[in-house]
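Engineer: The file below is entry_33.txt, compact mmCIF, C-alpha atoms:
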```
# COMPACT_ATOMS: atom_id res chain seq x y z
CA MET A 1 68.88 30.58 57.86
CA PHE A 2 65.78 28.83 56.57
CA SER A 3 62.40 30.13 57.71
CA ASP A 4 59.18 28.12 57.95
CA GLN A 5 57.99 29.85 54.77
CA THR A 6 61.16 28.74 52.97
CA PHE A 7 60.59 25.13 54.00
CA GLY A 8 56.98 25.43 52.81
CA VAL A 9 58.06 26.72 49.39
CA ILE A 10 60.66 23.97 49.07
CA ALA A 11 58.09 21.33 50.03
CA PHE A 12 55.61 22.59 47.43
CA ASN A 13 58.23 22.66 44.68
CA LEU A 14 59.63 19.30 45.77
CA SER A 15 56.16 17.83 45.25
CA ALA A 16 56.07 19.37 41.77
CA LEU A 17 59.55 17.98 41.05
CA ILE A 18 58.47 14.47 42.08
CA VAL A 19 55.44 14.65 39.78
CA SER A 20 57.58 15.93 36.87
CA VAL A 21 60.25 13.27 37.34
CA THR A 22 57.51 10.62 37.56
CA CYS A 23 56.22 11.77 34.16
CA ILE A 24 59.73 11.58 32.71
CA ILE A 25 60.27 8.05 34.07
CA TYR A 26 56.86 6.98 32.74
CA LYS A 27 57.79 8.20 29.26
CA LEU A 28 61.13 6.38 29.44
CA ILE A 29 59.83 3.00 30.58
CA ILE A 30 56.90 2.97 28.14
CA PRO A 31 58.58 3.33 24.74
CA SER A 32 56.62 4.90 21.92
CA ARG A 33 57.36 6.13 18.44
CA LEU A 34 58.66 9.67 18.88
CA LYS A 35 57.10 12.22 16.58
CA PHE A 36 57.56 15.97 16.87
CA ARG A 37 54.42 16.22 18.97
CA ASN A 38 55.75 13.66 21.46
CA ARG A 39 59.09 15.47 21.61
CA LEU A 40 57.25 18.68 22.48
CA PHE A 41 55.52 16.97 25.38
CA ASN A 42 58.80 15.47 26.56
CA SER A 43 60.29 18.97 26.46
CA LEU A 44 57.37 20.22 28.54
CA ILE A 45 57.87 17.79 31.40
CA ILE A 46 61.66 18.27 31.32
CA ILE A 47 61.15 22.04 31.57
CA LEU A 48 58.81 21.54 34.52
CA ALA A 49 61.48 19.44 36.24
CA ILE A 50 64.09 22.16 35.56
CA ASP A 51 61.76 24.88 36.87
CA THR A 52 60.95 23.05 40.07
CA PHE A 53 64.62 22.27 40.70
CA SER A 54 65.44 25.92 39.98
CA ALA A 55 62.78 27.09 42.44
CA ILE A 56 64.17 24.79 45.17
CA TYR A 57 67.74 25.86 44.41
CA GLY A 58 66.69 29.51 44.57
CA GLU A 59 65.28 29.06 48.06
CA ILE A 60 68.48 27.31 49.19
CA ILE A 61 70.60 30.19 47.85
CA ARG A 62 68.52 32.67 49.83
CA GLY A 63 69.02 30.67 53.02
CA TYR A 64 72.83 30.43 52.90
CA ASP A 65 75.30 33.11 53.89
CA MET A 66 77.83 33.70 51.13
CA VAL A 67 79.85 36.46 49.51
CA PRO A 68 77.32 39.08 48.26
CA GLU A 69 78.77 39.15 44.73
CA THR A 70 78.55 35.36 44.46
CA ALA A 71 75.04 35.32 45.86
CA LEU A 72 73.93 38.05 43.44
CA PHE A 73 75.41 36.20 40.46
CA LEU A 74 73.82 32.87 41.44
CA ARG A 75 70.45 34.52 42.09
CA ASN A 76 70.45 36.24 38.69
CA LEU A 77 71.56 33.10 36.89
CA ASN A 78 68.91 31.01 38.62
CA GLU A 79 66.12 33.50 37.97
CA MET A 80 67.03 33.79 34.29
CA LEU A 81 67.04 30.01 33.91
CA TYR A 82 63.67 29.79 35.65
CA PHE A 83 61.93 32.50 33.65
CA ALA A 84 63.44 31.51 30.27
CA THR A 85 62.20 27.93 30.64
CA HIS A 86 59.01 28.60 32.58
CA PHE A 87 57.53 31.02 30.07
CA ALA A 88 58.20 28.52 27.27
CA ILE A 89 55.56 26.21 28.78
CA ALA A 90 52.49 27.97 27.38
CA PRO A 91 53.85 28.22 23.79
CA ILE A 92 54.82 24.54 23.92
CA VAL A 93 51.32 23.59 25.09
CA ALA A 94 49.79 25.67 22.28
CA ARG A 95 52.04 24.09 19.64
CA TYR A 96 51.37 20.64 21.09
CA THR A 97 47.59 21.07 20.86
CA MET A 98 47.95 22.40 17.29
CA LEU A 99 49.67 19.14 16.34
CA LYS A 100 47.37 16.94 18.41
CA CYS A 101 44.25 18.49 16.86
CA GLY A 102 45.62 18.33 13.32
CA VAL A 103 45.30 22.07 12.59
CA GLU A 104 48.96 23.08 12.34
CA HIS A 105 48.87 22.96 8.52
CA LYS A 106 46.33 25.79 8.65
CA ILE A 107 48.85 28.12 10.29
CA ARG A 108 51.39 29.17 7.68
CA GLY A 109 53.18 32.35 6.61
CA LEU A 110 52.03 35.41 8.53
CA GLY A 111 49.86 33.21 10.76
CA ALA A 112 52.91 31.25 11.89
CA ILE A 113 54.82 34.48 12.54
CA ALA A 114 51.91 35.86 14.58
CA VAL A 115 51.79 32.67 16.67
CA HIS A 116 55.52 32.51 17.41
CA LEU A 117 56.41 36.23 17.68
CA PRO A 118 55.01 36.78 21.23
CA PHE A 119 57.13 33.89 22.50
CA VAL A 120 60.26 35.35 20.88
CA ILE A 121 59.50 38.76 22.42
CA SER A 122 59.03 37.29 25.91
CA GLU A 123 62.28 35.30 25.67
CA LEU A 124 64.19 38.39 24.51
CA MET A 125 62.81 40.34 27.47
CA ILE A 126 64.02 37.61 29.83
CA LEU A 127 67.45 37.15 28.26
CA THR A 128 68.12 40.91 28.23
CA ASN A 129 66.93 41.39 31.80
CA PRO A 130 70.47 41.79 33.24
CA TRP A 131 70.77 45.02 31.23
CA PHE A 132 67.21 46.38 31.01
CA HIS A 133 65.58 44.87 34.15
CA LEU A 134 62.19 44.46 32.45
CA ILE A 135 61.22 41.25 34.28
CA TYR A 136 62.77 41.56 37.75
CA THR A 137 65.48 43.30 39.74
CA ILE A 138 67.75 42.07 42.51
CA ASP A 139 69.47 44.87 44.39
CA ASP A 140 72.80 44.73 46.22
CA ASN A 141 70.98 43.59 49.38
CA LEU A 142 69.62 40.61 47.40
CA VAL A 143 66.07 41.96 47.59
CA TYR A 144 64.04 40.60 44.68
CA SER A 145 61.35 42.74 43.00
CA ARG A 146 59.06 42.05 40.09
CA GLU A 147 58.91 44.58 37.24
CA TRP A 148 56.12 45.39 34.79
CA GLY A 149 57.57 43.01 32.18
CA VAL A 150 56.73 39.92 34.21
CA TYR A 151 53.03 40.75 33.98
CA LEU A 152 53.32 41.28 30.23
CA VAL A 153 54.97 37.87 29.89
CA TYR A 154 52.20 36.33 32.01
CA ILE A 155 49.64 37.89 29.67
CA ILE A 156 51.47 36.44 26.65
CA GLY A 157 51.45 33.02 28.34
CA GLY A 158 47.74 33.42 29.03
CA LEU A 159 47.09 34.15 25.35
CA TYR A 160 48.90 30.96 24.40
CA PHE A 161 46.76 28.95 26.83
CA ILE A 162 43.63 30.55 25.35
CA LEU A 163 44.89 29.60 21.88
CA SER A 164 45.42 25.99 22.95
CA ALA A 165 41.94 25.95 24.53
CA ILE A 166 40.49 27.12 21.21
CA PHE A 167 42.19 24.25 19.41
CA ILE A 168 40.83 21.79 21.97
CA PHE A 169 37.35 23.28 21.53
CA LEU A 170 37.55 22.78 17.75
CA TYR A 171 38.65 19.18 18.39
CA TRP A 172 35.98 18.76 21.06
CA ASP A 173 33.45 16.58 19.25
CA LEU A 174 36.17 14.00 18.50
CA LEU A 175 37.09 13.56 22.18
CA LYS A 176 35.64 10.95 24.47
CA ARG A 177 33.39 12.13 27.30
CA MET A 178 35.91 11.38 30.06
CA GLU A 179 38.66 13.07 28.06
CA GLN A 180 36.51 16.20 27.81
CA ILE A 181 35.84 16.29 31.57
CA ALA A 182 39.47 15.65 32.45
CA LEU A 183 40.79 18.31 30.05
CA ILE A 184 38.44 20.92 31.51
CA TYR A 185 39.66 20.05 35.00
CA PHE A 186 43.34 20.24 34.14
CA TYR A 187 42.99 23.50 32.22
CA ILE A 188 41.16 25.07 35.17
CA LEU A 189 43.79 23.71 37.57
CA VAL A 190 46.66 25.26 35.61
CA LEU A 191 44.76 28.55 35.20
CA ILE A 192 44.04 28.84 38.93
CA GLY A 193 47.62 28.03 39.90
CA THR A 194 49.00 30.59 37.45
CA LEU A 195 46.63 33.35 38.54
CA ILE A 196 47.30 32.78 42.24
CA GLN A 197 51.07 32.99 41.84
CA MET A 198 50.85 35.94 39.45
CA ILE A 199 48.82 37.93 41.99
CA PHE A 200 50.42 36.58 45.19
CA SER A 201 54.09 35.95 44.37
CA ASN A 202 54.79 34.50 47.85
CA ILE A 203 52.36 31.60 47.27
CA SER A 204 54.34 29.00 45.33
CA CYS A 205 51.68 26.76 43.78
CA GLU A 206 51.95 27.36 40.04
CA LEU A 207 54.56 24.70 39.31
CA LEU A 208 52.69 22.02 41.25
CA CYS A 209 49.49 22.83 39.33
CA ASP A 210 51.42 22.77 36.05
CA ALA A 211 53.04 19.44 36.89
CA ILE A 212 49.72 17.81 37.82
CA GLY A 213 48.16 19.29 34.68
CA ALA A 214 51.01 17.89 32.55
CA MET A 215 50.56 14.47 34.13
CA GLY A 216 46.86 14.64 33.27
CA MET A 217 47.63 15.58 29.68
CA MET A 218 50.10 12.72 29.46
CA LEU A 219 47.63 10.14 30.73
CA ILE A 220 44.83 11.42 28.48
CA LEU A 221 46.43 12.67 25.27
CA GLU A 222 49.78 10.86 25.16
CA ASN A 223 48.48 7.44 26.13
CA ASP A 224 47.46 5.78 22.86
CA ASP A 225 47.24 2.15 24.00
CA ASP A 226 43.58 1.97 22.96
CA ARG A 227 44.59 3.13 19.45
CA ARG A 228 47.14 0.40 18.82
CA ASP A 229 46.97 -3.09 17.37
CA TYR A 230 48.27 -5.27 20.20
CA THR A 231 50.55 -7.59 18.20
CA THR A 232 51.99 -5.46 15.39
CA LYS A 233 52.05 -2.09 17.26
CA ALA A 234 50.48 -0.36 14.25
CA TYR A 235 47.49 1.90 14.88
CA ASN A 236 44.12 0.12 14.70
CA LYS A 237 41.07 0.78 12.53
CA ASN A 238 39.36 2.96 15.16
CA ALA A 239 42.45 5.19 15.25
CA LEU A 240 42.39 5.43 11.45
CA ILE A 241 38.75 6.54 11.40
CA ASN A 242 39.35 9.10 14.17
CA ASP A 243 42.46 10.54 12.50
CA MET A 244 40.85 10.63 9.06
CA MET A 245 37.80 12.46 10.45
CA ILE A 246 40.17 15.12 11.80
CA ALA A 247 42.01 15.35 8.48
CA PHE A 248 38.76 15.66 6.51
CA LYS A 249 37.31 18.18 8.97
CA TYR A 250 40.32 20.51 8.72
CA LYS A 251 40.98 19.69 5.05
CA ARG A 252 44.48 18.41 5.65
CA PRO A 253 45.85 16.89 2.41
CA PHE A 254 47.30 13.38 2.55
CA ASP A 255 48.08 10.33 0.45
CA VAL A 256 47.53 6.72 1.45
CA ILE A 257 49.44 3.62 0.45
CA PHE A 258 47.15 0.57 0.82
CA ILE A 259 48.95 -2.73 1.45
CA ASP A 260 47.06 -6.03 1.20
CA ILE A 261 48.84 -9.34 1.92
CA LEU A 262 47.50 -11.76 -0.74
CA ASN A 263 48.95 -15.08 0.43
CA GLU A 264 47.63 -14.78 3.97
CA GLU A 265 45.70 -18.09 3.95
CA ILE A 266 48.74 -20.09 2.83
CA LEU A 267 50.92 -18.45 5.47
CA ARG A 268 48.38 -19.23 8.17
CA ARG A 269 48.39 -22.91 7.17
CA LEU A 270 52.19 -23.05 7.23
CA HIS A 271 52.71 -21.03 10.39
CA THR A 272 51.01 -20.54 13.73
CA TYR A 273 48.92 -17.45 14.47
CA ALA A 274 51.75 -16.05 16.61
CA ASP A 275 54.28 -16.58 13.81
CA TYR A 276 52.03 -14.87 11.27
CA GLU A 277 51.66 -11.89 13.57
CA LYS A 278 55.45 -11.72 13.95
CA ILE A 279 55.77 -11.60 10.17
CA LEU A 280 53.29 -8.73 10.02
CA SER A 281 55.21 -6.96 12.78
CA GLU A 282 58.23 -6.92 10.46
CA VAL A 283 56.04 -5.35 7.78
CA VAL A 284 54.94 -2.63 10.20
CA LYS A 285 58.56 -1.96 11.22
CA PHE A 286 59.47 -1.42 7.58
CA LEU A 287 56.52 0.89 6.93
CA LYS A 288 57.31 2.94 10.04
CA SER A 289 60.94 3.25 8.94
CA ILE A 290 59.98 5.13 5.76
CA SER A 291 59.38 8.34 7.74
CA GLU A 292 58.44 9.28 11.29
CA LYS A 293 55.94 11.75 9.79
CA TYR A 294 53.82 8.91 8.39
CA ASP A 295 51.42 6.70 10.36
CA VAL A 296 50.77 2.98 9.87
CA TYR A 297 47.31 1.52 10.51
CA ARG A 298 46.15 -2.09 10.53
CA VAL A 299 42.60 -2.12 9.17
CA GLY A 300 42.13 -5.86 8.72
CA VAL A 301 43.76 -9.24 9.22
CA ASN A 302 46.00 -8.71 6.20
CA SER A 303 45.53 -5.02 5.32
CA PHE A 304 47.56 -1.95 6.27
CA PHE A 305 47.26 1.76 5.42
CA LEU A 306 50.34 3.99 5.32
CA VAL A 307 49.06 7.57 5.68
CA CYS A 308 51.43 10.26 4.38
CA PRO A 309 50.24 13.81 5.18
CA GLU A 310 51.05 16.81 3.01
CA ILE A 311 53.20 15.19 0.34
CA SER A 312 53.12 15.58 -3.45
CA GLU A 313 51.52 13.00 -5.71
CA LYS A 314 54.95 12.34 -7.24
CA LYS A 315 56.39 11.59 -3.79
CA ALA A 316 53.43 9.35 -2.93
CA LYS A 317 53.91 7.31 -6.10
CA LYS A 318 57.61 6.96 -5.34
CA ILE A 319 56.78 5.62 -1.86
CA ALA A 320 54.27 3.15 -3.36
CA GLU A 321 56.97 1.88 -5.72
CA GLU A 322 59.44 1.61 -2.81
CA VAL A 323 56.94 -0.44 -0.80
CA TYR A 324 56.20 -2.66 -3.81
CA GLU A 325 59.90 -3.33 -4.42
CA ARG A 326 60.37 -4.25 -0.74
CA PHE A 327 57.65 -6.90 -0.99
CA LYS A 328 59.49 -8.54 -3.90
CA GLU A 329 62.24 -9.40 -1.40
CA PHE A 330 62.22 -11.99 1.40
CA TRP A 331 61.06 -11.22 4.93
CA THR A 332 62.83 -12.73 7.92
CA TYR A 333 61.73 -13.35 11.50
CA GLY A 334 63.34 -15.53 14.14
CA GLY A 335 65.81 -16.93 11.61
CA ARG A 336 63.05 -17.95 9.19
CA ILE A 337 62.50 -16.67 5.66
CA VAL A 338 59.06 -16.06 4.12
CA THR A 339 57.70 -14.51 0.96
CA LEU A 340 54.78 -12.06 1.11
CA ASN A 341 52.70 -11.37 -1.96
CA ALA A 342 51.14 -7.93 -1.70
CA ARG A 343 48.88 -5.60 -3.64
CA ILE A 344 49.95 -1.95 -3.34
CA ILE A 345 47.52 0.88 -4.11
CA GLN A 346 48.17 4.63 -3.92
CA ALA A 347 45.48 7.31 -3.59
CA GLY A 348 45.07 10.70 -1.93
CA THR A 349 42.89 13.71 -1.29
CA GLU A 350 43.96 15.18 -4.65
CA ASP A 351 42.14 12.22 -6.22
CA GLY A 352 38.86 13.28 -4.62
CA ILE A 353 39.02 11.26 -1.40
CA THR A 354 37.06 13.58 0.87
CA ASP A 355 35.44 11.21 3.38
CA ILE A 356 35.83 7.80 5.01
CA ASP A 357 33.55 6.02 2.52
CA LYS A 358 35.60 7.18 -0.47
CA LEU A 359 38.78 6.15 1.32
CA PHE A 360 37.62 2.56 1.77
CA LYS A 361 36.13 2.48 -1.75
CA ALA A 362 39.55 3.40 -3.12
CA HIS A 363 41.05 0.56 -1.08
CA ALA A 364 38.50 -1.93 -2.42
CA GLY A 365 38.78 -0.63 -5.98
CA GLY A 366 42.03 -2.42 -6.76
CA LYS A 367 40.94 -5.96 -5.86
CA ASP A 368 40.19 -6.98 -9.46
CA ILE A 369 43.26 -5.35 -11.01
CA ASP A 370 46.18 -7.62 -11.90
CA LYS A 371 49.31 -5.54 -12.36
CA ASP A 372 53.04 -6.05 -11.93
CA GLY A 373 53.64 -2.94 -9.83
CA PRO A 374 51.77 -0.54 -7.59
CA ILE A 375 48.25 0.48 -8.60
CA PHE A 376 47.60 4.20 -8.82
CA PHE A 377 44.23 5.90 -8.33
CA ASP A 378 43.70 6.74 -12.00
CA GLU A 379 43.91 3.01 -12.77
CA LEU A 380 41.10 2.06 -10.39
```
What would the structure in this file look like if it were written as structure tokens?
Structural biologist:
Amino acid sequence: MFSDQTFGVIAFNLSALIVSVTCIIYKLIIPSRLKFRNRLFNSLIIILAIDTFSAIYGEIIRGYDMVPETALFLRNLNEMLYFATHFAIAPIVARYTMLKCGVEHKIRGLGAIAVHLPFVISELMILTNPWFHLIYTIDDNLVYSREWGVYLVYIIGGLYFILSAIFIFLYWDLLKRMEQIALIYFYILVLIGTLIQMIFSNISCELLCDAIGAMGMMLILENDDDRRDYTTKAYNKNALINDMMIAFKYKRPFDVIFIDILNEEILRRLHTYADYEKILSEVVKFLKSISEKYDVYRVGVNSFFLVCPEISEKKAKKIAEEVYERFKEFWTYGGRIVTLNARIIQAGTEDGITDIDKLFKAHAGGKDIDKDGPIFFDEL
């Protein structure tokens, strides 16, 4: 039989499920280029949906009369699924903020082990619970009890949230004012929901707080419409400056391939503005296809930057040559064929590019060089 409390728990978790599914649908209907960071966020909202469904299913199991052995098996299976996914949320958030803030390259070797080891320990505790009962126990009468391990896992999750908050704090001065206010609100919301359910296990509010917090993160951090060039879908100049400031601040090495279309005026006379933008969209598609790890920025009417983080100079020169060779071929759009003349320049942080001014000086430095092939920094 279902009690009023059971219906209340189901209602709370159903609300969280609706919010989580809404986030999933939003991500599906608004396509974006999937990088590892975006995949992490997608995993987060999928986990929240699984957790809320698991919580609802758990309440339904408790309300039905069934063979004790079957009920015990289903309860254990459901609880393991819930805990194994639920306590992955905090590590995912921490890893997501590491990537978002551009500091992941700083965490290598022993640092990476130290960051990931607590998560591995908590998952092992959960997966071995049927034998060691470190997280919870369910007796033959189907009475559920928390064990000391659940509080340890909560503490580990709390440490991951603190770690992510530290990353956000380091990134703070690069956030907009409204983004700062909203992030504070959503972090506090998740913290309150977690603490309430950790202390009062019969109050089921954590998942709803997590789901609302995830929706807030999605709207603030995942929505990059204001960073994109409307027609070509490359990132715009403001996005370039913001991302480069982060890279310079945290000393993240990168190389840049500068692409300047040289016959832009002729193309504009022969084609409409819309047609010219379609041609450039094909250029952006090609540049994006080189690697999902690289970002494409449109910094002018006929200029693009392909930013390649953490690659060798040899690799960067190879990419510059690949881009140059592609521009020697025809470009097609809507059944039409056009030729694009382009100047390709390669430079990187190893060449002494340590701020925005030096970046744009390197871009401008190749304007007077006439060469059959890509221009490298030492030739500027």
Engineer: Env of Asn236 (chain A): 12 Å cut, atoms = only C-alpha atoms, seq-sep filter 3 positions within chain, self excluded. Answer as a list in words.
Structural biologist: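 So the residues in contact are Asp224, Asp225, Asp226, Arg227, Arg228, Asp229, Tyr230, Thr231, Thr232, Lys233, Ala239, Leu240, Ile241, Asn242, Asp243, Asp295, Val296, Tyr297, Arg298, Val299, Gly300, Val301, Ser303, Phe304, Phe305 and Leu306 of chain A.
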Engineer: Name the residues in contact with Val190 (chain A) at a cut-off of 7 Å, using all atoms listed in the file, excluding same-chain residues fewer than 4 positions from it; report them as a PyMOL selection string.
Structural biologist: chain A and resi 186+194+209-210+213
Engineer: In file coordinates, which residues lie within 10 Å of (62.3, -6.7, 6.0) using only C-alpha atoms, given as a ChimeraX atom specification?
Structural biologist: /A:279,281-287,326-327,329-333,337
Engineer: Selected residues, C-alpha atoms, written as a CSV table (one decimal), in the coordinates of the input, please.
Structural biologist:
```
chain,number,residue,atom,x,y,z
A,279,ILE,CA,55.8,-11.6,10.2
A,281,SER,CA,55.2,-7.0,12.8
A,282,GLU,CA,58.2,-6.9,10.5
A,283,VAL,CA,56.0,-5.4,7.8
A,284,VAL,CA,54.9,-2.6,10.2
A,285,LYS,CA,58.6,-2.0,11.2
A,286,PHE,CA,59.5,-1.4,7.6
A,287,LEU,CA,56.5,0.9,6.9
A,326,ARG,CA,60.4,-4.2,-0.7
A,327,PHE,CA,57.6,-6.9,-1.0
A,329,GLU,CA,62.2,-9.4,-1.4
A,330,PHE,CA,62.2,-12.0,1.4
A,331,TRP,CA,61.1,-11.2,4.9
A,332,THR,CA,62.8,-12.7,7.9
A,333,TYR,CA,61.7,-13.4,11.5
A,337,ILE,CA,62.5,-16.7,5.7
```
Engineer: Give me the box for region 136-147 of chain A as AutoDock Vina command-line options, namely the centre and edge lengths in Å to one decimal of a box along x, y and z that holds every listed atom plus 3 Å on each side.
Structural biologist:
```
--center_x 65.9 --center_y 42.7 --center_z 43.3 --size_x 19.9 --size_y 10.3 --size_z 18.1
```
Engineer: Could you name the residues that touch Gly193 (chain A) at 7 Å or less, counting all atoms listed in the file, but leaving out those on the same chain fewer than 3 positions away, as a CSV table (one decimal) with C-alpha atoms, keeping the file's coordinate frame?
Structural biologist:
```csv
chain,number,residue,atom,x,y,z
A,189,LEU,CA,43.8,23.7,37.6
A,190,VAL,CA,46.7,25.3,35.6
A,196,ILE,CA,47.3,32.8,42.2
A,197,GLN,CA,51.1,33.0,41.8
A,205,CYS,CA,51.7,26.8,43.8
A,206,GLU,CA,52.0,27.4,40.0
A,209,CYS,CA,49.5,22.8,39.3
```
Engineer: Have a look at A:Ile375, A:Ile188, A:Ala274, A:Leu359 and name the one nearest to Asp255 (chain A); count only C-alpha atoms.
Structural biologist: A:Leu359
Engineer: Find the residues around Thr22 (chain A) up to 10 Å (all atoms listed in the file counted), leave out those fewer than 5 positions away in its own chain, and share them as a list in words.
Structural biologist: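 Here the answer would be Ala16, Leu17, Lys27, Leu28, Ile45, Ala49, Ala211 and Met215 of chain A.
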Engineer: Please produce a file of the residues just selected, as a PDB file, keeping the file's coordinate frame, where the atoms kept are C-alpha atoms.
Structural biologist:
```pdb
ATOM      1  CA  ALA A  16      56.070  19.370  41.770  1.00  0.00           C
ATOM      2  CA  LEU A  17      59.550  17.980  41.050  1.00  0.00           C
ATOM      3  CA  LYS A  27      57.790   8.200  29.260  1.00  0.00           C
ATOM      4  CA  LEU A  28      61.130   6.380  29.440  1.00  0.00           C
ATOM      5  CA  ILE A  45      57.870  17.790  31.400  1.00  0.00           C
ATOM      6  CA  ALA A  49      61.480  19.440  36.240  1.00  0.00           C
ATOM      7  CA  ALA A 211      53.040  19.440  36.890  1.00  0.00           C
ATOM      8  CA  MET A 215      50.560  14.470  34.130  1.00  0.00           C
TER       9      MET A 215
END
```
Engineer: Counting only C-alpha atoms, which residue out of A:Cys308, A:Asp260, A:Val21, A:Ala247 sits closest to Lys106 (chain A)?
Structural biologist: A:Ala247
Engineer: Tell me, in Å to one decimal, how far CA of Met98 (chain A) is from CA of Ile212 (chain A).
Structural biologist: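 So the answer is 21.1 Å.
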Engineer: So, with only C-alpha atoms as the atoms that count, which of A:Ile353, A:Ile246, A:Ala182, A:Leu72 lies closest to Pro130 (chain A)?
Structural biologist: A:Leu72
Engineer: How many Å separate CA of Glu179 (chain A) from CA of Ile46 (chain A)?
Structural biologist: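 Value for the CA of Glu179 (chain A)-CA of Ile46 (chain A) distance: 23.8 Å.
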Engineer: Tell me which of A:Lys278, A:Arg269, A:Ile259, A:Leu183 sits closest to Leu219 (chain A), counting only C-alpha atoms.
Structural biologist: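 Using only C-alpha atoms, Leu219 (chain A) sits closest to A:Leu183.
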Engineer: List every protein, DNA or RNA residue that has an atom no more than 12 Å from (47.8, 36.0, 29.5) in the file's coordinate frame, counting all atoms listed in the file, and report them as a PDB file with C-alpha atoms, keeping the file's coordinate frame.
Structural biologist:
```
ATOM      1  CA  PHE A  87      57.530  31.020  30.070  1.00  0.00           C
ATOM      2  CA  ALA A  90      52.490  27.970  27.380  1.00  0.00           C
ATOM      3  CA  PRO A  91      53.850  28.220  23.790  1.00  0.00           C
ATOM      4  CA  PRO A 118      55.010  36.780  21.230  1.00  0.00           C
ATOM      5  CA  PHE A 119      57.130  33.890  22.500  1.00  0.00           C
ATOM      6  CA  SER A 122      59.030  37.290  25.910  1.00  0.00           C
ATOM      7  CA  VAL A 150      56.730  39.920  34.210  1.00  0.00           C
ATOM      8  CA  TYR A 151      53.030  40.750  33.980  1.00  0.00           C
ATOM      9  CA  LEU A 152      53.320  41.280  30.230  1.00  0.00           C
ATOM     10  CA  VAL A 153      54.970  37.870  29.890  1.00  0.00           C
ATOM     11  CA  TYR A 154      52.200  36.330  32.010  1.00  0.00           C
ATOM     12  CA  ILE A 155      49.640  37.890  29.670  1.00  0.00           C
ATOM     13  CA  ILE A 156      51.470  36.440  26.650  1.00  0.00           C
ATOM     14  CA  GLY A 157      51.450  33.020  28.340  1.00  0.00           C
ATOM     15  CA  GLY A 158      47.740  33.420  29.030  1.00  0.00           C
ATOM     16  CA  LEU A 159      47.090  34.150  25.350  1.00  0.00           C
ATOM     17  CA  TYR A 160      48.900  30.960  24.400  1.00  0.00           C
ATOM     18  CA  PHE A 161      46.760  28.950  26.830  1.00  0.00           C
ATOM     19  CA  ILE A 162      43.630  30.550  25.350  1.00  0.00           C
ATOM     20  CA  LEU A 163      44.890  29.600  21.880  1.00  0.00           C
ATOM     21  CA  LEU A 191      44.760  28.550  35.200  1.00  0.00           C
ATOM     22  CA  THR A 194      49.000  30.590  37.450  1.00  0.00           C
ATOM     23  CA  LEU A 195      46.630  33.350  38.540  1.00  0.00           C
ATOM     24  CA  MET A 198      50.850  35.940  39.450  1.00  0.00           C
TER      25      MET A 198
END
```
Engineer: Counting all atoms listed in the file, figure out which residue out of A:Asn141, A:Thr339, A:Ala84, A:Phe248 gets nearest to Arg62 (chain A).
Structural biologist: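 Looking only at the distances to Arg62 (chain A), the closest residue turns out to be A:Asn141.
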Engineer: Please measure the separation of CA of Phe258 (chain A) and CA of Ala316 (chain A), giving the value in Å to one decimal.
Structural biologist: 11.4 Å
Engineer: Could you check the closest approach to His86 (chain A) for each of A:Glu123, A:Glu104, A:Asp351, A:Ile47 and tell me which residue wins, using all atoms listed in the file?
Structural biologist: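 Going through A:Glu123, A:Glu104, A:Asp351, A:Ile47 one by one, the smallest distance to His86 (chain A) is for A:Ile47.
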Engineer: Do a neighbour search on Tyr324 (chain A) at 9 Å with only C-alpha atoms, toss out local chain neighbours closer than 2 positions, and write the hits as a PyMOL selection string.
Structural biologist: chain A and resi 259+319-322+326-328+342-344+373-374
